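entry10.txt follows (compact mmCIF, C-alpha atoms):
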```
# COMPACT_ATOMS: atom_id res chain seq x y z
CA MET F 1 108.52 -21.79 153.67
CA GLN F 2 112.01 -21.88 152.22
CA ILE F 3 113.19 -22.28 148.65
CA THR F 4 116.56 -22.33 146.90
CA THR F 5 117.38 -19.73 144.27
CA LEU F 6 120.23 -20.31 141.82
CA PHE F 7 122.02 -17.66 139.76
CA PHE F 8 124.23 -18.21 136.69
CA GLY F 9 126.52 -16.14 134.50
CA ALA F 10 125.41 -12.52 134.40
CA THR F 11 122.79 -12.99 137.14
CA ALA F 12 125.37 -14.55 139.46
CA ASP F 13 127.63 -11.52 138.87
CA ALA F 14 124.70 -9.14 139.38
CA ALA F 15 123.44 -10.88 142.52
CA GLY F 16 126.95 -11.32 143.87
CA THR F 17 126.12 -14.94 144.70
CA ARG F 18 125.39 -18.24 142.96
CA GLU F 19 122.80 -19.56 145.41
CA ALA F 20 120.45 -18.13 148.02
CA LYS F 21 118.04 -19.73 150.46
CA ILE F 22 114.98 -17.49 150.52
CA ALA F 23 111.93 -17.48 152.81
CA ILE F 24 108.68 -16.79 150.94
CA ASN F 25 104.98 -16.88 151.79
CA ASP F 26 102.73 -19.73 150.75
CA GLY F 27 101.13 -19.03 147.38
CA THR F 28 104.03 -16.94 146.02
CA THR F 29 104.27 -17.16 142.22
CA VAL F 30 107.45 -17.23 140.15
CA ARG F 31 106.64 -13.67 138.99
CA GLU F 32 106.38 -12.43 142.58
CA LEU F 33 109.66 -14.12 143.52
CA ILE F 34 111.46 -12.48 140.63
CA GLU F 35 110.07 -9.08 141.63
CA LYS F 36 111.35 -9.69 145.16
CA LEU F 37 114.78 -10.72 143.84
CA ARG F 38 115.00 -7.59 141.69
CA THR F 39 114.45 -5.59 144.90
CA ASP F 40 116.87 -7.66 147.02
CA TYR F 41 119.60 -7.70 144.37
CA THR F 42 119.53 -4.33 142.64
CA GLY F 43 122.11 -5.52 140.10
CA LEU F 44 119.39 -7.69 138.53
CA ALA F 45 117.15 -4.72 137.76
CA THR F 46 118.67 -4.03 134.32
CA HIS F 47 118.53 -7.64 133.09
CA LYS F 48 115.76 -9.33 131.14
CA LEU F 49 115.43 -12.51 133.15
CA LEU F 50 114.52 -16.10 132.34
CA PHE F 51 113.85 -18.68 135.02
CA ALA F 52 113.35 -22.35 135.66
CA LEU F 53 111.47 -24.18 138.36
CA ASN F 54 113.04 -27.49 139.43
CA GLU F 55 115.20 -27.66 136.29
CA GLU F 56 112.36 -26.94 133.84
CA TYR F 57 111.28 -23.72 132.15
CA ALA F 58 108.05 -22.65 133.90
CA GLU F 59 105.17 -20.21 133.52
CA THR F 60 105.48 -17.02 135.57
CA ASP F 61 102.15 -17.59 137.30
CA THR F 62 103.21 -20.98 138.64
CA ILE F 63 102.95 -21.12 142.45
CA ILE F 64 106.21 -22.07 144.16
CA LYS F 65 106.14 -24.93 146.66
CA ASP F 66 108.24 -25.54 149.76
CA GLY F 67 111.70 -26.84 148.85
CA ASP F 68 111.49 -25.83 145.18
CA GLU F 69 114.61 -24.81 143.29
CA VAL F 70 114.18 -21.66 141.20
CA ALA F 71 116.94 -20.66 138.77
CA ILE F 72 117.24 -17.10 137.50
CA PHE F 73 119.29 -16.35 134.40
CA THR F 74 119.68 -14.21 131.30
CA ALA F 75 119.14 -15.42 127.71
CA VAL F 76 121.27 -18.50 127.18
CA SER F 77 124.39 -18.18 125.01
CA GLY F 78 125.85 -21.65 124.61
CA GLY F 79 126.91 -23.14 121.30
CA MET M 1 147.53 -40.84 65.13
CA GLN M 2 147.52 -42.49 68.52
CA ILE M 3 145.60 -41.73 71.68
CA THR M 4 145.36 -43.24 75.13
CA THR M 5 142.05 -44.57 76.38
CA LEU M 6 141.48 -45.15 80.10
CA PHE M 7 138.81 -47.36 81.67
CA PHE M 8 137.64 -47.33 85.30
CA GLY M 9 135.41 -49.43 87.52
CA ALA M 10 132.66 -51.10 85.53
CA THR M 11 134.16 -50.06 82.16
CA ALA M 12 137.54 -51.54 83.11
CA ASP M 13 135.80 -54.81 83.99
CA ALA M 14 133.78 -54.70 80.75
CA ALA M 15 136.79 -53.82 78.58
CA GLY M 16 139.02 -56.29 80.39
CA THR M 17 141.71 -53.62 80.58
CA ARG M 18 142.39 -50.31 82.32
CA GLU M 19 144.28 -48.63 79.49
CA ALA M 20 144.53 -49.00 75.71
CA LYS M 21 146.61 -47.22 73.07
CA ILE M 22 144.34 -46.76 70.08
CA ALA M 23 145.10 -45.62 66.53
CA ILE M 24 142.43 -43.30 65.13
CA ASN M 25 142.03 -41.17 62.02
CA ASP M 26 142.50 -37.41 62.07
CA GLY M 27 139.19 -35.65 62.76
CA THR M 28 137.72 -38.42 64.88
CA THR M 29 135.24 -37.07 67.43
CA VAL M 30 134.71 -38.34 70.96
CA ARG M 31 131.36 -39.80 69.84
CA GLU M 32 133.03 -41.74 67.02
CA LEU M 33 135.70 -43.06 69.37
CA ILE M 34 133.09 -44.30 71.82
CA GLU M 35 131.20 -46.05 69.02
CA LYS M 36 134.46 -47.72 67.96
CA LEU M 37 135.16 -48.81 71.56
CA ARG M 38 131.69 -50.29 71.93
CA THR M 39 132.50 -52.40 68.87
CA ASP M 40 136.02 -53.34 70.01
CA TYR M 41 134.94 -54.13 73.57
CA THR M 42 131.52 -55.72 73.39
CA GLY M 43 131.22 -55.70 77.19
CA LEU M 44 130.76 -51.91 77.00
CA ALA M 45 127.64 -52.17 74.84
CA THR M 46 125.20 -52.40 77.76
CA HIS M 47 126.63 -49.44 79.70
CA LYS M 48 125.56 -45.82 79.56
CA LEU M 49 128.95 -44.18 79.23
CA LEU M 50 130.44 -40.89 80.39
CA PHE M 51 133.81 -39.67 79.20
CA ALA M 52 136.51 -37.12 79.76
CA LEU M 53 139.09 -35.64 77.43
CA ASN M 54 142.43 -34.81 79.06
CA GLU M 55 140.92 -34.99 82.55
CA GLU M 56 137.93 -32.74 81.80
CA TYR M 57 134.33 -33.60 80.93
CA ALA M 58 133.96 -32.83 77.18
CA GLU M 59 131.27 -32.48 74.51
CA THR M 60 130.77 -35.57 72.32
CA ASP M 61 131.43 -33.64 69.11
CA THR M 62 134.89 -32.53 70.25
CA ILE M 63 137.59 -33.64 67.81
CA ILE M 64 140.33 -35.72 69.38
CA LYS M 65 143.94 -34.64 68.86
CA ASP M 66 147.11 -36.71 68.68
CA GLY M 67 148.29 -37.77 72.12
CA ASP M 68 144.98 -36.97 73.84
CA GLU M 69 143.86 -39.00 76.85
CA VAL M 70 140.24 -40.11 76.69
CA ALA M 71 138.63 -41.70 79.75
CA ILE M 72 135.50 -43.83 79.49
CA PHE M 73 133.42 -44.55 82.57
CA THR M 74 129.94 -45.13 83.98
CA ALA M 75 128.03 -42.69 86.23
CA VAL M 76 130.27 -41.81 89.17
CA SER M 77 129.42 -43.28 92.58
CA GLY M 78 131.82 -41.76 95.08
CA GLY M 79 130.76 -40.28 98.39
CA MET R 1 143.23 -22.67 103.26
CA ASP R 2 141.20 -25.20 101.34
CA LEU R 3 142.24 -28.80 101.01
CA TYR R 4 141.26 -31.58 98.71
CA GLU R 5 142.87 -34.98 98.88
CA LEU R 6 142.55 -38.60 97.96
CA THR R 7 143.98 -41.06 100.44
CA THR R 8 144.23 -44.78 100.98
CA GLU R 9 144.76 -44.23 104.72
CA PRO R 10 141.94 -43.91 107.30
CA ILE R 11 140.55 -40.38 107.49
CA ASP R 12 140.64 -38.39 110.73
CA ILE R 13 137.49 -36.26 110.51
CA ASN R 14 138.64 -34.07 113.36
CA ALA R 15 141.82 -33.18 111.53
CA VAL R 16 139.97 -32.32 108.32
CA ALA R 17 137.62 -29.90 110.10
CA ARG R 18 140.45 -28.42 112.10
CA ARG R 19 142.78 -27.82 109.16
CA ILE R 20 140.31 -25.53 107.40
CA VAL R 21 139.13 -23.33 110.29
CA PRO R 22 140.30 -19.74 110.08
CA ALA R 23 140.46 -17.54 113.17
CA GLU R 24 137.38 -15.51 112.22
CA CYS R 25 135.06 -18.51 111.78
CA GLY R 26 132.82 -19.71 114.55
CA ALA R 27 131.55 -22.94 113.02
CA THR R 28 132.24 -25.73 110.61
CA VAL R 29 129.76 -28.21 109.22
CA THR R 30 131.07 -31.65 108.34
CA LEU R 31 129.48 -34.38 106.27
CA ASP R 32 130.92 -37.73 107.03
CA GLY R 33 130.10 -40.70 104.78
CA TYR R 34 130.54 -44.24 106.03
CA ALA R 35 130.92 -47.65 104.51
CA ARG R 36 127.50 -49.07 105.26
CA ARG R 37 126.81 -52.69 106.08
CA PHE R 38 123.26 -52.76 104.73
CA THR R 39 122.03 -51.49 101.36
CA ARG R 40 118.36 -51.32 100.43
CA GLU R 41 117.84 -52.74 96.95
CA LYS R 42 115.27 -51.39 94.50
CA ASP R 43 113.13 -54.51 95.04
CA GLY R 44 112.90 -53.71 98.79
CA THR R 45 115.29 -56.43 99.96
CA THR R 46 118.36 -55.58 102.01
CA ARG R 47 121.82 -56.62 100.95
CA GLU R 48 124.73 -57.06 103.34
CA THR R 49 128.05 -55.62 102.22
CA GLU R 50 131.32 -57.18 103.43
CA TYR R 51 133.57 -54.34 102.35
CA LEU R 52 133.88 -51.59 99.74
CA VAL R 53 136.49 -50.72 97.15
CA TYR R 54 136.72 -47.14 95.87
CA GLU R 55 138.57 -46.33 92.70
CA ALA R 56 139.22 -42.89 91.17
CA TYR R 57 140.47 -41.27 88.02
CA GLU R 58 142.81 -39.53 90.40
CA PRO R 59 144.13 -36.45 88.57
CA MET R 60 140.67 -35.64 87.20
CA ALA R 61 139.03 -36.28 90.59
CA LEU R 62 141.36 -33.74 92.21
CA LYS R 63 140.62 -31.20 89.45
CA GLU R 64 136.87 -31.72 89.87
CA MET R 65 137.16 -31.34 93.64
CA ALA R 66 139.02 -28.06 93.16
CA LYS R 67 136.30 -26.87 90.74
CA LEU R 68 133.58 -27.76 93.23
CA ILE R 69 135.28 -25.75 95.95
CA GLU R 70 135.65 -22.78 93.62
CA ALA R 71 131.97 -23.02 92.61
CA ALA R 72 130.87 -23.33 96.26
CA ARG R 73 132.81 -20.22 97.17
CA LEU R 74 130.99 -18.23 94.46
CA LYS R 75 127.61 -19.60 95.51
CA PHE R 76 127.87 -19.41 99.32
CA GLU R 77 129.50 -17.08 101.85
CA ILE R 78 132.06 -19.53 103.14
CA SER R 79 135.67 -19.29 104.23
CA ASN R 80 137.26 -22.66 103.62
CA VAL R 81 136.41 -26.12 102.40
CA GLY R 82 138.08 -29.45 103.06
CA ILE R 83 137.25 -32.55 101.03
CA VAL R 84 139.00 -35.86 101.61
CA HIS R 85 137.91 -39.03 99.85
CA ARG R 86 139.21 -42.46 100.74
CA LEU R 87 140.28 -44.88 98.00
CA GLY R 88 141.03 -48.58 97.97
CA ARG R 89 139.48 -51.13 100.31
CA LEU R 90 137.26 -49.87 103.14
CA GLU R 91 135.98 -52.00 105.97
CA ILE R 92 132.41 -51.48 107.19
CA GLY R 93 132.18 -48.42 109.45
CA GLU R 94 135.22 -46.68 107.97
CA THR R 95 134.87 -43.16 106.59
CA SER R 96 134.67 -42.91 102.80
CA VAL R 97 134.38 -39.15 102.46
CA VAL R 98 134.60 -36.06 104.63
CA ILE R 99 133.48 -32.61 103.53
CA SER R 100 134.04 -29.79 106.01
CA VAL R 101 132.97 -26.22 105.41
CA ALA R 102 133.99 -23.31 107.63
CA ALA R 103 131.95 -20.14 107.40
CA PRO R 104 131.35 -16.99 109.40
CA HIS R 105 127.65 -17.94 109.66
CA ARG R 106 126.57 -21.53 110.16
CA LYS R 107 123.61 -21.24 107.73
CA ALA R 108 126.00 -20.86 104.77
CA ALA R 109 128.16 -23.70 106.08
CA PHE R 110 125.19 -26.09 106.19
CA ALA R 111 123.95 -25.06 102.73
CA ALA R 112 127.39 -25.30 101.13
CA CYS R 113 128.21 -28.66 102.70
CA GLU R 114 124.91 -30.15 101.53
CA TRP R 115 125.47 -28.77 98.03
CA LEU R 116 129.06 -30.04 97.87
CA ILE R 117 128.26 -33.67 98.72
CA LYS R 118 125.40 -33.69 96.20
CA GLU R 119 127.66 -32.31 93.46
CA LEU R 120 130.60 -34.55 94.40
CA LYS R 121 128.37 -37.58 93.90
CA HIS R 122 127.51 -36.38 90.39
CA THR R 123 130.77 -35.01 89.05
CA VAL R 124 133.89 -36.33 90.78
CA PRO R 125 135.17 -39.45 88.96
CA ILE R 126 135.21 -41.96 91.82
CA TRP R 127 133.49 -45.36 91.74
CA LYS R 128 132.39 -47.64 94.53
CA LYS R 129 132.40 -51.41 94.36
CA GLU R 130 130.30 -53.26 96.94
CA VAL R 131 131.59 -56.70 97.81
CA TYR R 132 129.04 -59.20 99.15
CA ALA R 133 129.46 -62.74 100.48
CA ASP R 134 128.25 -64.03 97.10
CA GLY R 135 129.58 -61.54 94.60
CA GLU R 136 130.31 -57.90 93.94
CA ALA R 137 128.88 -54.95 92.01
CA TRP R 138 129.88 -51.45 90.99
CA ALA R 139 127.38 -49.06 92.58
CA GLU R 140 125.18 -47.04 90.28
CA GLY R 141 125.58 -43.29 90.68
CA GLU R 142 122.79 -41.17 92.15
CA SER R 143 120.47 -39.84 89.50
CA ALA R 144 120.96 -36.12 88.88
CA MET H 1 122.42 -44.77 120.84
CA ASP H 2 122.13 -41.05 121.48
CA LEU H 3 124.54 -39.22 123.69
CA TYR H 4 124.46 -35.88 125.43
CA GLU H 5 127.25 -34.74 127.68
CA LEU H 6 128.88 -31.79 129.30
CA THR H 7 132.63 -31.94 129.66
CA THR H 8 135.50 -29.79 130.82
CA GLU H 9 137.94 -31.83 128.70
CA PRO H 10 138.75 -31.13 125.00
CA ILE H 11 136.17 -32.64 122.64
CA ASP H 12 137.19 -35.21 120.01
CA ILE H 13 134.74 -34.51 117.17
CA ASN H 14 135.65 -37.73 115.44
CA ALA H 15 134.70 -39.76 118.49
CA VAL H 16 131.35 -37.99 118.86
CA ALA H 17 130.34 -38.70 115.27
CA ARG H 18 131.60 -42.26 115.49
CA ARG H 19 129.80 -43.13 118.72
CA ILE H 20 126.36 -42.42 117.26
CA VAL H 21 126.62 -44.16 113.87
CA PRO H 22 124.45 -47.25 113.53
CA ALA H 23 125.22 -49.91 110.93
CA GLU H 24 122.34 -48.93 108.64
CA CYS H 25 123.36 -45.28 108.36
CA GLY H 26 125.49 -43.99 105.53
CA ALA H 27 126.13 -40.47 106.71
CA THR H 28 126.44 -38.18 109.66
CA VAL H 29 126.38 -34.41 109.66
CA THR H 30 128.36 -32.65 112.36
CA LEU H 31 128.24 -29.05 113.50
CA ASP H 32 131.37 -28.01 115.22
CA GLY H 33 131.48 -24.69 117.09
CA TYR H 34 134.79 -23.04 117.89
CA ALA H 35 136.05 -20.48 120.30
CA ARG H 36 136.54 -17.57 117.93
CA ARG H 37 139.28 -14.97 118.25
CA PHE H 38 137.37 -12.14 116.59
CA THR H 39 133.83 -10.99 117.34
CA ARG H 40 132.03 -8.38 115.28
CA GLU H 41 130.34 -5.84 117.55
CA LYS H 42 127.01 -4.18 116.78
CA ASP H 43 128.82 -0.90 116.02
CA GLY H 44 130.87 -2.64 113.30
CA THR H 45 134.14 -2.79 115.20
CA THR H 46 135.90 -6.09 115.81
CA ARG H 47 136.81 -7.27 119.27
CA GLU H 48 139.60 -9.72 120.02
CA THR H 49 138.83 -12.44 122.53
CA GLU H 50 141.62 -13.96 124.64
CA TYR H 51 139.65 -16.94 125.90
CA LEU H 52 136.11 -18.05 126.73
CA VAL H 53 134.47 -19.41 129.84
CA TYR H 54 131.30 -21.49 129.51
CA GLU H 55 129.06 -22.12 132.46
CA ALA H 56 125.94 -24.30 132.65
CA TYR H 57 123.02 -25.08 134.89
CA GLU H 58 124.22 -28.64 134.45
CA PRO H 59 121.30 -30.90 135.41
CA MET H 60 118.83 -28.70 133.51
CA ALA H 61 121.17 -28.42 130.50
CA LEU H 62 121.32 -32.21 130.25
CA LYS H 63 117.52 -32.44 130.51
CA GLU H 64 117.08 -29.80 127.80
CA MET H 65 119.58 -31.60 125.55
CA ALA H 66 117.62 -34.84 125.99
CA LYS H 67 114.37 -33.00 125.16
CA LEU H 68 115.93 -31.51 122.02
CA ILE H 69 117.02 -34.93 120.81
CA GLU H 70 113.55 -36.32 121.46
CA ALA H 71 111.94 -33.42 119.58
CA ALA H 72 114.39 -33.78 116.67
CA ARG H 73 113.56 -37.45 116.38
CA LEU H 74 109.84 -36.65 116.06
CA LYS H 75 110.50 -33.90 113.53
CA PHE H 76 113.14 -35.55 111.28
CA GLU H 77 113.86 -39.07 110.06
CA ILE H 78 117.08 -39.56 111.94
CA SER H 79 118.73 -42.45 113.71
CA ASN H 80 120.96 -41.02 116.41
CA VAL H 81 122.12 -37.72 117.79
CA GLY H 82 125.23 -36.81 119.75
CA ILE H 83 125.58 -33.48 121.52
CA VAL H 84 128.65 -32.59 123.57
CA HIS H 85 129.17 -29.14 125.02
CA ARG H 86 132.40 -28.01 126.60
CA LEU H 87 132.35 -26.10 129.89
CA GLY H 88 134.95 -24.10 131.75
CA ARG H 89 137.81 -22.20 130.14
CA LEU H 90 138.35 -22.61 126.39
CA GLU H 91 141.36 -21.39 124.51
CA ILE H 92 140.86 -19.84 121.07
CA GLY H 93 140.38 -22.54 118.42
CA GLU H 94 139.07 -25.16 120.84
CA THR H 95 135.72 -26.78 120.19
CA SER H 96 132.85 -25.47 122.29
CA VAL H 97 130.08 -27.68 120.98
CA VAL H 98 129.65 -30.67 118.69
CA ILE H 99 126.30 -31.85 117.36
CA SER H 100 126.37 -35.00 115.21
CA VAL H 101 123.31 -36.47 113.55
CA ALA H 102 123.26 -39.88 111.87
CA ALA H 103 120.45 -40.59 109.44
CA PRO H 104 119.64 -43.03 106.66
CA HIS H 105 119.39 -40.08 104.26
CA ARG H 106 121.76 -37.16 104.46
CA LYS H 107 119.03 -34.54 103.78
CA ALA H 108 117.37 -35.30 107.13
CA ALA H 109 120.77 -35.29 108.86
CA PHE H 110 121.55 -31.78 107.54
CA ALA H 111 118.10 -30.44 108.45
CA ALA H 112 118.12 -31.96 111.94
CA CYS H 113 121.66 -30.79 112.75
CA GLU H 114 120.85 -27.22 111.68
CA TRP H 115 117.64 -27.25 113.73
CA LEU H 116 119.40 -28.69 116.80
CA ILE H 117 122.13 -26.05 117.00
CA LYS H 118 119.56 -23.26 116.57
CA GLU H 119 117.37 -24.69 119.33
CA LEU H 120 120.32 -25.43 121.62
CA LYS H 121 121.32 -21.77 121.45
CA HIS H 122 117.82 -20.78 122.57
CA THR H 123 116.91 -23.34 125.18
CA VAL H 124 119.88 -25.10 126.79
CA PRO H 125 120.98 -23.19 129.91
CA ILE H 126 124.64 -22.56 129.10
CA TRP H 127 126.30 -19.15 129.13
CA LYS H 128 129.44 -17.88 127.47
CA LYS H 129 131.78 -15.29 128.92
CA GLU H 130 134.19 -13.61 126.53
CA VAL H 131 137.42 -12.45 128.11
CA TYR H 132 139.28 -9.61 126.38
CA ALA H 133 142.63 -7.98 127.12
CA ASP H 134 140.76 -5.12 128.79
CA GLY H 135 137.74 -6.77 130.37
CA GLU H 136 135.10 -9.42 130.01
CA ALA H 137 131.42 -9.79 129.13
CA TRP H 138 128.74 -12.44 129.22
CA ALA H 139 127.57 -12.98 125.62
CA GLU H 140 124.03 -12.07 124.76
CA GLY H 141 121.96 -14.98 123.48
CA GLU H 142 120.81 -15.11 119.86
CA SER H 143 117.39 -13.53 119.40
CA ALA H 144 114.67 -16.11 118.77
```
How does the structure come out when it is put into structure tokens?
Amino acid sequence: MQITTLFFGATADAAGTREAKIAINDGTTVRELIEKLRTDYTGLATHKLLFALNEEYAETDTIIKDGDEVAIFTAVSGG
Amino acid sequence: MQITTLFFGATADAAGTREAKIAINDGTTVRELIEKLRTDYTGLATHKLLFALNEEYAETDTIIKDGDEVAIFTAVSGG
Amino acid sequence: MDLYELTTEPIDINAVARRIVPAECGATVTLDGYARRFTREKDGTTRETEYLVYEAYEPMALKEMAKLIEAARLKFEISNVGIVHRLGRLEIGETSVVISVAAPHRKAAFAACEWLIKELKHTVPIWKKEVYADGEAWAEGESA
Amino acid sequence: MDLYELTTEPIDINAVARRIVPAECGATVTLDGYARRFTREKDGTTRETEYLVYEAYEPMALKEMAKLIEAARLKFEISNVGIVHRLGRLEIGETSVVISVAAPHRKAAFAACEWLIKELKHTVPIWKKEVYADGEAWAEGESA
């Protein structure tokens, strides 16, 4: 199945892209996806990452569904 | 000797004036002046009064000097 | 640069905050008081105000505002303070007072701004008259 | 009426405060964040910023702002909240964020405004890039 991964700020710089369509196996958790992304995009390895599933903060053991949008980012710094 | 007395807001309404030149004896204290004003302007009798001497809050036992400006007013309500 | 002013013209809150911000400050906190239409009376009823009139002992009010700013600077780690109080007739919804505090850290800005409005209401010689459809009354000051 | 917005245009603080004030409220408290020229580094040196760039995960940022307002309303006795965050390039001295809280009593307005900016800096997905004469860096978020 295919999902969309979004990168912002420092993670976009590290990944060298703002968005990636990624094929994952059924039953993949958010934690497993992030591990895969750290391997695919080595620039992410040094960052402590936060993530959101379909525009909401989510638990790392949540299972990703087909068509989900997962966002990967560093600690927010607005204000 | 002569001093200037200023009234504001509720005390101006009660005194029916905003300013009065008043003749007082040497050695008159602020407290004595206020007592005199409560007699002269009976509308002031019901008000709890605050006062300032030459644009500063002052102790009631301060002795008033010739040419001083004494202001008489109720609890402030700006803001 | 601090500022403290009395004005009979409408107050631009934006301009007050902006005029006191130094280059090293990241935040200002602004308290903005409005002429309110409805006032809760002590007996629980609500009174509708048509407009307000503010009056000041102007030279003393400016001195007291300057003293407040000086005291706030000793008490809190702040950079600049702006206080502007409107005088004369105010329509409902117009700004009666603006207090802006710029500080390196926002915590001090919040604390100082809250302290300043409380003190201003107790010490600065300004009085508010509320005008109703059927009369008018000088507001009683907040108890200390 | 609450409001929460992201904008690439300059923010008018006055307008934000004014848009959220209901007739029964006497005060609003506004936190106003600025693009700062000087940033203190962890090693004690000071760094000069030329301009900032803010970027957001926009739909999620708006959802998180709405959640913050809802949470603030449960936690504090407040009437309305306005939050506007600037995105894109900001020159030094421009406003990055405005949070205005209107409340019947100013104490709740101060407390809610202070809570909202703290939470916004931890939860709303917006990132700040500082651009210096000799490089640039994404700011690290405040620790929780």
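Our summary of the geometry notes that CA of Leu52 in chain H is positioned 12.5 Å from CA of Gly9 in chain F.
You can rank M:Thr42, M:Asn25, M:Asn54, M:Thr62 by their closest distance to chain R using all atoms listed in the file, and at the top of that list sits M:Asn54.
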**Prompt:** Counting only C-alpha atoms, what is within 7 Å of Gly26 in chain H, bar same-chain residues fewer than 3 positions away, as a list of chain:residue names?
**Reply:**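 Answer for this query is R:Gly33, R:Tyr34, R:Ala35, R:Arg36, H:Pro104.
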Could the residues in this selection be written to a file with C-alpha atoms, as an mmCIF file, keeping the file's coordinate frame?
```
data_model
loop_
_atom_site.group_PDB
_atom_site.id
_atom_site.type_symbol
_atom_site.label_atom_id
_atom_site.label_comp_id
_atom_site.auth_asym_id
_atom_site.auth_seq_id
_atom_site.Cartn_x
_atom_site.Cartn_y
_atom_site.Cartn_z
ATOM 1 C CA GLY R 33 130.100 -40.700 104.780
ATOM 2 C CA TYR R 34 130.540 -44.240 106.030
ATOM 3 C CA ALA R 35 130.920 -47.650 104.510
ATOM 4 C CA ARG R 36 127.500 -49.070 105.260
ATOM 5 C CA PRO H 104 119.640 -43.030 106.660
#
```
**Item:** Within-10 Å shell of (147.7, -42.7, 65.0) in input frame, all atoms listed in the file, as a list in words
**Value:** Met1, Gln2, Ile3, Lys21, Ile22, Ala23, Ile24, Asn25, Asp26, Lys65, Asp66 and Gly67 of chain M
Generate the output file for the selected residues, C-alpha atoms, as an mmCIF file, in the frame of the given file.
```cif
data_model
loop_
_atom_site.group_PDB
_atom_site.id
_atom_site.type_symbol
_atom_site.label_atom_id
_atom_site.label_comp_id
_atom_site.auth_asym_id
_atom_site.auth_seq_id
_atom_site.Cartn_x
_atom_site.Cartn_y
_atom_site.Cartn_z
ATOM 1 C CA MET M 1 147.530 -40.840 65.130
ATOM 2 C CA GLN M 2 147.520 -42.490 68.520
ATOM 3 C CA ILE M 3 145.600 -41.730 71.680
ATOM 4 C CA LYS M 21 146.610 -47.220 73.070
ATOM 5 C CA ILE M 22 144.340 -46.760 70.080
ATOM 6 C CA ALA M 23 145.100 -45.620 66.530
ATOM 7 C CA ILE M 24 142.430 -43.300 65.130
ATOM 8 C CA ASN M 25 142.030 -41.170 62.020
ATOM 9 C CA ASP M 26 142.500 -37.410 62.070
ATOM 10 C CA LYS M 65 143.940 -34.640 68.860
ATOM 11 C CA ASP M 66 147.110 -36.710 68.680
ATOM 12 C CA GLY M 67 148.290 -37.770 72.120
#
```
**Message:** Residues near range 29-37 of chain F, anyone? I mean within 7 Å using all atoms listed in the file, not counting same-chain ones fewer than 3 positions away, as a list of chain:residue names.
**Reply:** F:Asp40, F:Tyr41, F:Thr60, F:Asp61, F:Thr62, F:Ile63, F:Ile64
**Message:** Give me, as a ChimeraX atom specification, the residues of chain H touching chain R, with the criterion being at most 9 Å (counting all atoms listed in the file).
**Reply:** /H:12-15,17-18,21-39,92-93,100,106-107,110-111,113-114
**Message:** I need the residue nearest Glu69 in chain M from this list: R:Met60, R:Asp2, R:Val84, R:Leu74. Use all atoms listed in the file for the distance.
**Reply:** R:Met60
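With CA of Leu3 in chain R on one side and CA of Ala66 in chain R on the other, the separation reads 8.5 Å.
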**Message:** Env of Arg47 in chain R: 12 Å cut, atoms = all atoms listed in the file, seq-sep filter 2 positions within chain, self excluded. Answer as a PyMOL selection string.
**Reply:** (chain R and resi 36-45+49-50+130-137) or (chain H and resi 24)
**Request:** Determine, counting only C-alpha atoms, which protein, DNA and RNA residues have an atom within 12 Å of an atom of Thr46 in chain M; residues of the same chain fewer than 6 positions away are not included. Present the result as a ChimeraX atom specification.
**Result:** /M:10-11,14-15,38-39,74
**Message:** Would you compute the distance between CA of Glu5 in chain H and CA of Thr4 in chain F? Give it in Å to one decimal.
**Reply:**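 Here the two named atoms are 25.3 Å from each other.
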Could you add N, CA and C atoms to range 60-68 of chain M and give me the result as a PDB file, keeping the file's coordinate frame?
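Generated output (out21.pdb):
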```
ATOM      1  N   THR M  60     130.532 -34.383  73.171  1.00  0.00           N
ATOM      2  CA  THR M  60     130.770 -35.570  72.320  1.00  0.00           C
ATOM      3  C   THR M  60     131.243 -35.206  70.919  1.00  0.00           C
ATOM      4  N   ASP M  61     130.983 -33.975  70.465  1.00  0.00           N
ATOM      5  CA  ASP M  61     131.430 -33.640  69.110  1.00  0.00           C
ATOM      6  C   ASP M  61     132.827 -33.007  69.087  1.00  0.00           C
ATOM      7  N   THR M  62     133.508 -33.026  70.216  1.00  0.00           N
ATOM      8  CA  THR M  62     134.890 -32.530  70.250  1.00  0.00           C
ATOM      9  C   THR M  62     135.780 -33.456  69.418  1.00  0.00           C
ATOM     10  N   ILE M  63     136.656 -32.857  68.627  1.00  0.00           N
ATOM     11  CA  ILE M  63     137.590 -33.640  67.810  1.00  0.00           C
ATOM     12  C   ILE M  63     138.833 -33.977  68.636  1.00  0.00           C
ATOM     13  N   ILE M  64     139.197 -35.252  68.579  1.00  0.00           N
ATOM     14  CA  ILE M  64     140.330 -35.720  69.380  1.00  0.00           C
ATOM     15  C   ILE M  64     141.631 -35.415  68.663  1.00  0.00           C
ATOM     16  N   LYS M  65     142.635 -34.969  69.443  1.00  0.00           N
ATOM     17  CA  LYS M  65     143.940 -34.640  68.860  1.00  0.00           C
ATOM     18  C   LYS M  65     144.960 -35.722  69.225  1.00  0.00           C
ATOM     19  N   ASP M  66     146.032 -35.740  68.453  1.00  0.00           N
ATOM     20  CA  ASP M  66     147.110 -36.710  68.680  1.00  0.00           C
ATOM     21  C   ASP M  66     147.614 -36.610  70.122  1.00  0.00           C
ATOM     22  N   GLY M  67     147.761 -37.747  70.756  1.00  0.00           N
ATOM     23  CA  GLY M  67     148.290 -37.770  72.120  1.00  0.00           C
ATOM     24  C   GLY M  67     147.272 -37.504  73.207  1.00  0.00           C
ATOM     25  N   ASP M  68     146.012 -37.238  72.823  1.00  0.00           N
ATOM     26  CA  ASP M  68     144.980 -36.970  73.840  1.00  0.00           C
ATOM     27  C   ASP M  68     144.759 -38.205  74.717  1.00  0.00           C
TER      28      ASP M  68
END
```
